[in-house]
$ cat my_file.cif   # mmCIF, C-alpha atoms
data_my_file
#
loop_
_atom_site.label_atom_id
_atom_site.label_comp_id
_atom_site.auth_asym_id
_atom_site.auth_seq_id
_atom_site.Cartn_x
_atom_site.Cartn_y
_atom_site.Cartn_z
CA MET F 20 24.93 87.95 127.68
CA ARG F 21 27.15 85.50 125.84
CA THR F 22 28.33 82.36 127.61
CA ALA F 23 31.08 79.88 126.77
CA VAL F 24 31.91 76.62 128.53
CA LEU F 25 35.52 75.41 128.38
CA ALA F 26 37.22 72.30 129.72
CA LEU F 27 40.63 72.69 131.31
CA ILE F 28 43.29 70.09 130.68
CA SER F 29 44.95 70.77 134.01
CA ILE F 30 44.47 72.92 137.09
CA VAL F 31 47.15 74.29 139.34
CA SER F 32 45.87 74.48 142.92
CA LEU F 33 47.55 76.60 145.53
CA SER F 34 48.28 75.31 148.99
CA GLY F 35 45.89 77.70 150.69
CA CYS F 36 43.42 80.52 150.21
CA ALA F 37 44.92 83.98 150.73
CA THR F 38 42.82 87.05 151.46
CA VAL F 39 43.84 90.70 151.14
CA ASP F 40 46.71 91.52 153.50
CA GLN F 41 45.39 93.31 156.58
CA LYS F 42 48.41 95.61 156.43
CA THR F 43 47.21 97.02 153.08
CA THR F 44 47.42 100.82 153.05
CA PHE F 45 45.18 103.32 151.28
CA ASP F 46 44.45 106.86 152.46
CA GLY F 47 43.54 108.45 149.12
CA SER F 48 45.99 111.31 149.54
CA ASP F 49 47.60 110.76 146.13
CA GLY F 50 44.29 110.95 144.26
CA SER F 51 44.20 107.28 143.35
CA ALA F 52 41.18 105.08 144.07
CA PHE F 53 40.33 101.89 145.90
CA VAL F 54 37.42 99.63 145.00
CA VAL F 55 35.48 97.23 147.20
CA VAL F 56 33.15 94.93 145.24
CA ALA F 57 30.23 93.48 147.24
CA VAL F 58 28.58 90.25 146.06
CA ASP F 59 26.08 87.88 147.60
CA LYS F 60 24.97 84.23 147.43
CA LEU F 61 28.07 82.76 145.80
CA PRO F 62 27.60 78.97 146.17
CA GLU F 63 30.42 76.92 147.62
CA ARG F 64 31.97 74.18 145.51
CA VAL F 65 34.66 71.54 146.04
CA VAL F 66 37.22 73.39 143.90
CA GLY F 67 36.58 76.56 142.02
CA SER F 68 36.59 80.33 141.82
CA TYR F 69 34.61 83.29 140.54
CA THR F 70 36.41 86.05 138.64
CA LEU F 71 34.70 89.39 137.98
CA LEU F 72 36.12 91.67 135.27
CA PHE F 73 35.76 95.45 135.23
CA SER F 74 36.91 97.62 132.31
CA ARG F 75 37.35 101.39 132.45
CA VAL F 76 35.19 103.19 129.91
CA ASP F 77 34.99 106.77 128.63
CA MET F 78 31.27 107.41 128.39
CA GLN F 79 31.69 110.62 126.39
CA SER F 80 33.79 109.09 123.61
CA SER F 81 32.17 105.61 123.87
CA THR F 82 35.52 103.83 124.17
CA PHE F 83 37.18 101.43 126.57
CA GLN F 84 40.33 102.79 128.18
CA SER F 85 43.47 100.74 128.84
CA GLU F 86 42.76 100.21 132.56
CA TRP F 87 40.92 97.16 133.87
CA PHE F 88 40.91 95.04 137.00
CA SER F 89 39.53 91.71 138.14
CA ILE F 90 38.28 90.46 141.49
CA VAL F 91 38.71 86.76 142.33
CA PHE F 92 36.58 85.00 144.95
CA ASP F 93 37.32 81.45 146.09
CA ALA F 94 34.33 79.14 145.61
CA GLY F 95 34.65 77.57 149.05
CA ALA F 96 37.45 75.02 149.03
CA GLY F 97 40.11 77.51 150.13
CA THR F 98 42.52 76.61 147.34
CA PHE F 99 42.87 79.90 145.47
CA VAL F 100 44.68 83.17 146.10
CA VAL F 101 41.87 85.71 145.97
CA ASP F 102 41.14 89.43 146.24
CA GLU F 103 38.71 88.99 149.12
CA LEU F 104 38.67 91.01 152.32
CA LYS F 105 38.74 88.84 155.41
CA LYS F 106 35.53 89.23 157.40
CA PRO F 107 35.84 89.54 161.20
CA GLU F 108 34.00 86.79 163.09
CA SER F 109 31.65 89.41 164.49
CA VAL F 110 30.31 90.23 161.00
CA SER F 111 27.54 87.79 160.09
CA THR F 112 26.48 89.12 156.68
CA THR F 113 26.27 86.76 153.68
CA LEU F 114 27.86 89.48 151.56
CA ARG F 115 31.44 88.94 150.44
CA PHE F 116 33.84 91.75 149.61
CA GLY F 117 36.71 91.85 147.12
CA ALA F 118 39.13 94.77 146.90
CA HIS F 119 41.56 96.35 144.45
CA SER F 120 43.46 99.63 144.05
CA VAL F 121 42.58 101.25 140.70
CA VAL F 122 42.79 104.38 138.58
CA PRO F 123 39.71 106.57 139.23
CA GLY F 124 37.03 106.63 136.55
CA ASP F 125 33.95 104.87 135.21
CA TYR F 126 34.12 101.06 135.13
CA ALA F 127 31.84 98.62 133.35
CA TYR F 128 31.14 95.25 134.95
CA ALA F 129 32.02 93.52 131.71
CA ALA F 130 32.40 89.78 132.40
CA ARG F 131 32.43 86.90 134.87
CA SER F 132 34.37 83.63 134.71
CA ASP F 133 33.33 80.67 136.89
CA LEU F 134 35.72 77.78 137.50
CA GLN F 135 34.15 74.55 138.76
CA GLY F 136 36.49 71.56 138.92
CA ASN F 137 38.04 71.39 135.45
CA VAL F 138 35.29 73.33 133.67
CA VAL F 139 35.22 77.09 133.09
CA MET F 140 32.00 78.95 132.28
CA GLU F 141 32.67 82.37 130.80
CA ASN F 142 30.04 85.11 130.72
CA CYS F 143 30.48 88.24 128.60
CA TYR F 144 28.00 91.06 129.29
CA SER F 145 28.38 92.71 125.89
CA GLU F 146 24.59 93.02 125.53
CA GLY F 147 24.30 95.19 128.61
CA ALA F 148 26.97 96.07 131.18
CA PRO F 149 26.35 98.43 134.11
CA VAL F 150 28.87 101.24 134.57
CA PHE F 151 29.94 102.44 138.02
CA ARG F 152 31.81 105.64 138.97
CA VAL F 153 34.94 105.09 141.07
CA ALA F 154 35.87 108.33 142.82
CA PRO F 155 39.45 109.59 143.32
CA GLY F 156 40.78 109.62 146.86
CA LYS F 157 38.00 107.39 148.20
CA VAL F 158 37.09 103.75 148.83
CA SER F 159 34.21 103.09 146.42
CA VAL F 160 31.86 100.19 147.13
CA ILE F 161 30.44 98.59 143.96
CA SER F 162 27.37 96.67 145.12
CA LEU F 163 26.44 93.87 142.70
CA GLY F 164 24.28 91.68 144.92
CA ASP F 165 23.53 88.18 143.64
CA VAL F 166 25.77 88.13 140.57
CA LEU F 167 24.73 84.62 139.52
CA SER F 168 21.09 85.53 138.96
CA ASN F 169 20.93 89.23 138.16
CA MET F 170 22.98 92.20 136.98
CA GLY F 171 23.78 95.19 139.14
CA ALA F 172 20.99 94.77 141.71
CA GLY F 173 23.15 95.54 144.70
CA SER F 174 22.42 95.14 148.38
CA ALA F 175 21.32 98.20 150.34
CA ASP F 176 23.48 96.91 153.19
CA ALA F 177 26.72 96.84 151.19
CA LEU F 178 28.03 100.18 152.46
CA ASP F 179 27.32 99.50 156.15
CA GLU F 180 28.56 95.91 156.04
CA GLY F 181 31.62 96.95 154.05
CA ALA F 182 32.51 99.46 156.74
CA LYS F 183 32.38 96.69 159.35
CA VAL F 184 34.70 94.50 157.27
CA LEU F 185 37.12 97.35 156.63
CA ALA F 186 37.40 97.90 160.38
CA ALA F 187 39.82 94.95 160.27
CA TYR F 188 41.97 96.96 157.81
CA PRO F 189 42.89 100.08 159.81
CA LYS F 190 45.33 101.36 157.17
CA ILE F 191 42.57 101.54 154.56
CA ASN F 192 41.15 104.74 155.99
CA ALA F 193 40.01 106.93 153.09
CA PRO F 194 36.33 108.00 153.02
CA LEU F 195 33.96 105.14 152.16
CA VAL F 196 31.31 105.86 149.50
CA LEU F 197 28.84 103.88 147.43
CA ALA F 198 29.85 103.76 143.75
CA GLN F 199 26.90 105.10 141.80
CA GLN F 200 25.75 103.39 138.63
CA VAL F 201 26.14 106.14 136.03
CA GLY F 202 24.87 104.26 133.00
CA SER F 203 25.10 101.11 130.95
CA ILE F 204 26.81 100.09 127.72
CA THR F 205 26.78 97.45 125.02
CA PHE F 206 29.91 96.53 123.11
CA THR F 207 31.21 94.48 120.20
CA SER F 208 34.38 92.42 120.43
CA GLY F 209 36.73 90.96 117.85
CA LYS F 210 36.35 87.40 119.14
CA SER F 211 33.30 85.15 119.27
CA VAL F 212 32.54 84.28 122.91
CA GLY F 213 34.08 84.08 126.35
CA TYR F 214 35.63 86.10 129.14
CA SER F 215 38.67 87.28 127.16
CA THR F 216 36.44 88.96 124.56
CA CYS F 217 35.45 91.54 127.16
CA ARG F 218 38.96 92.70 127.92
CA ASN F 219 39.67 96.17 126.62
CA GLN F 220 42.10 95.21 123.88
CA ASN F 221 39.58 92.86 122.24
CA VAL F 222 36.66 95.32 122.10
CA LYS F 223 36.01 96.87 118.69
CA SER F 224 33.17 99.26 119.53
CA VAL F 225 31.17 100.57 122.50
CA GLU F 226 27.65 102.03 122.56
CA VAL F 227 26.37 104.00 125.55
CA VAL F 228 22.82 102.87 126.29
CA SER F 229 22.24 105.26 129.18
CA ALA F 230 24.36 107.78 131.05
CA LYS F 231 24.17 110.20 133.98
CA PRO F 232 26.37 113.28 134.45
#
$ encode --input "my_file.cif" --output "structure tokens"
Amino acid sequence: MRTAVLALISIVSLSGCATVDQKTTFDGSDGSAFVVVAVDKLPERVVGSYTLLFSRVDMQSSTFQSEWFSIVFDAGAGTFVVDELKKPESVSTTLRFGAHSVVPGDYAYAARSDLQGNVVMENCYSEGAPVFRVAPGKVSVISLGDVLSNMGAGSADALDEGAKVLAAYPKINAPLVLAQQVGSITFTSGKSVGYSTCRNQNVKSVEVVSAKP
């Protein structure tokens, strides 16, 4: 893992934290995909956010595709527009869930960017990124667990707890499945360090370390 620490000259704060609209619709009938990313133990800070980057990869040709998505979690101050699903009060899990509609395929968890105050810490997982399969026509739960201390060790409760959270989103009603880890990759980028090096257009080469059919 490569890490870079950057200082921001200025920060634009939004007036309030916004979660995913509870009127969001996804039934999977058009063959597209919907991702729910489950994370745990994100510490709360005065002002900040966590951004997780996923890049679509072709495991057979060892190349990144053009598609990517990011999931943003607020770090606790409620000042950022995020991709988080709003948990009903009846759900007591420490897991947090972010969501995004995506193109189906295999996605590498390629990077994480942490904003704390006016400092950004960027983590690029070029030395070993887990790859998850996102199925067409389904809601795929990518379970990452405690992302600040390990890679890809997801919670066994992510699927059940995710279903409870999605109960507050009745129009997201496609089948819910756990996204299987189908392998891992390493990659080389054209820039030195930081979050942006892991975006598809900056990657020069990809090596598949392990893969499942």
$ closest_residue --input "my_file.cif" --among "F:Arg131, F:Lys106, F:Arg152, F:His119" --to "Ile191 in chain F" --atoms "all atoms listed in the file"
F:His119
$ residues_around --input "my_file.cif" --residues "range 92-95 of chain F" --least-positions-apart "6" --cutoff "10 Å" --atoms "all atoms listed in the file" --output "MDAnalysis selection string"
chainID F and resid 36:38 58 61:71 101:104 115:117 133:135
$ residues_around --input "my_file.cif" --residues "range 175-177 of chain F" --least-positions-apart "4" --cutoff "7 Å" --atoms "all atoms listed in the file" --output "PyMOL selection string"
chain F and resi 57+162+181
$ atom_distance --input "my_file.cif" --atom1 "CA of Val222 in chain F" --atom2 "CA of Thr82 in chain F"
8.8 Å
$ residues_around --input "my_file.cif" --residues "Glu226 in chain F" --least-positions-apart "4" --cutoff "6 Å" --atoms "all atoms listed in the file" --output "PyMOL selection string"
chain F and resi 81+204-206
$ closest_residue --input "my_file.cif" --among "F:Glu141, F:Ala193, F:Val158, F:Val227" --to "Val76 in chain F" --atoms "all atoms listed in the file"
F:Val227
$ resolve_selection --input "my_file.cif" --expression "the PyMOL selection byres ((chain F and resi 60) around 8)" --output "PyMOL selection string"
chain F and resi 58-59+61-62+113-114+164-167
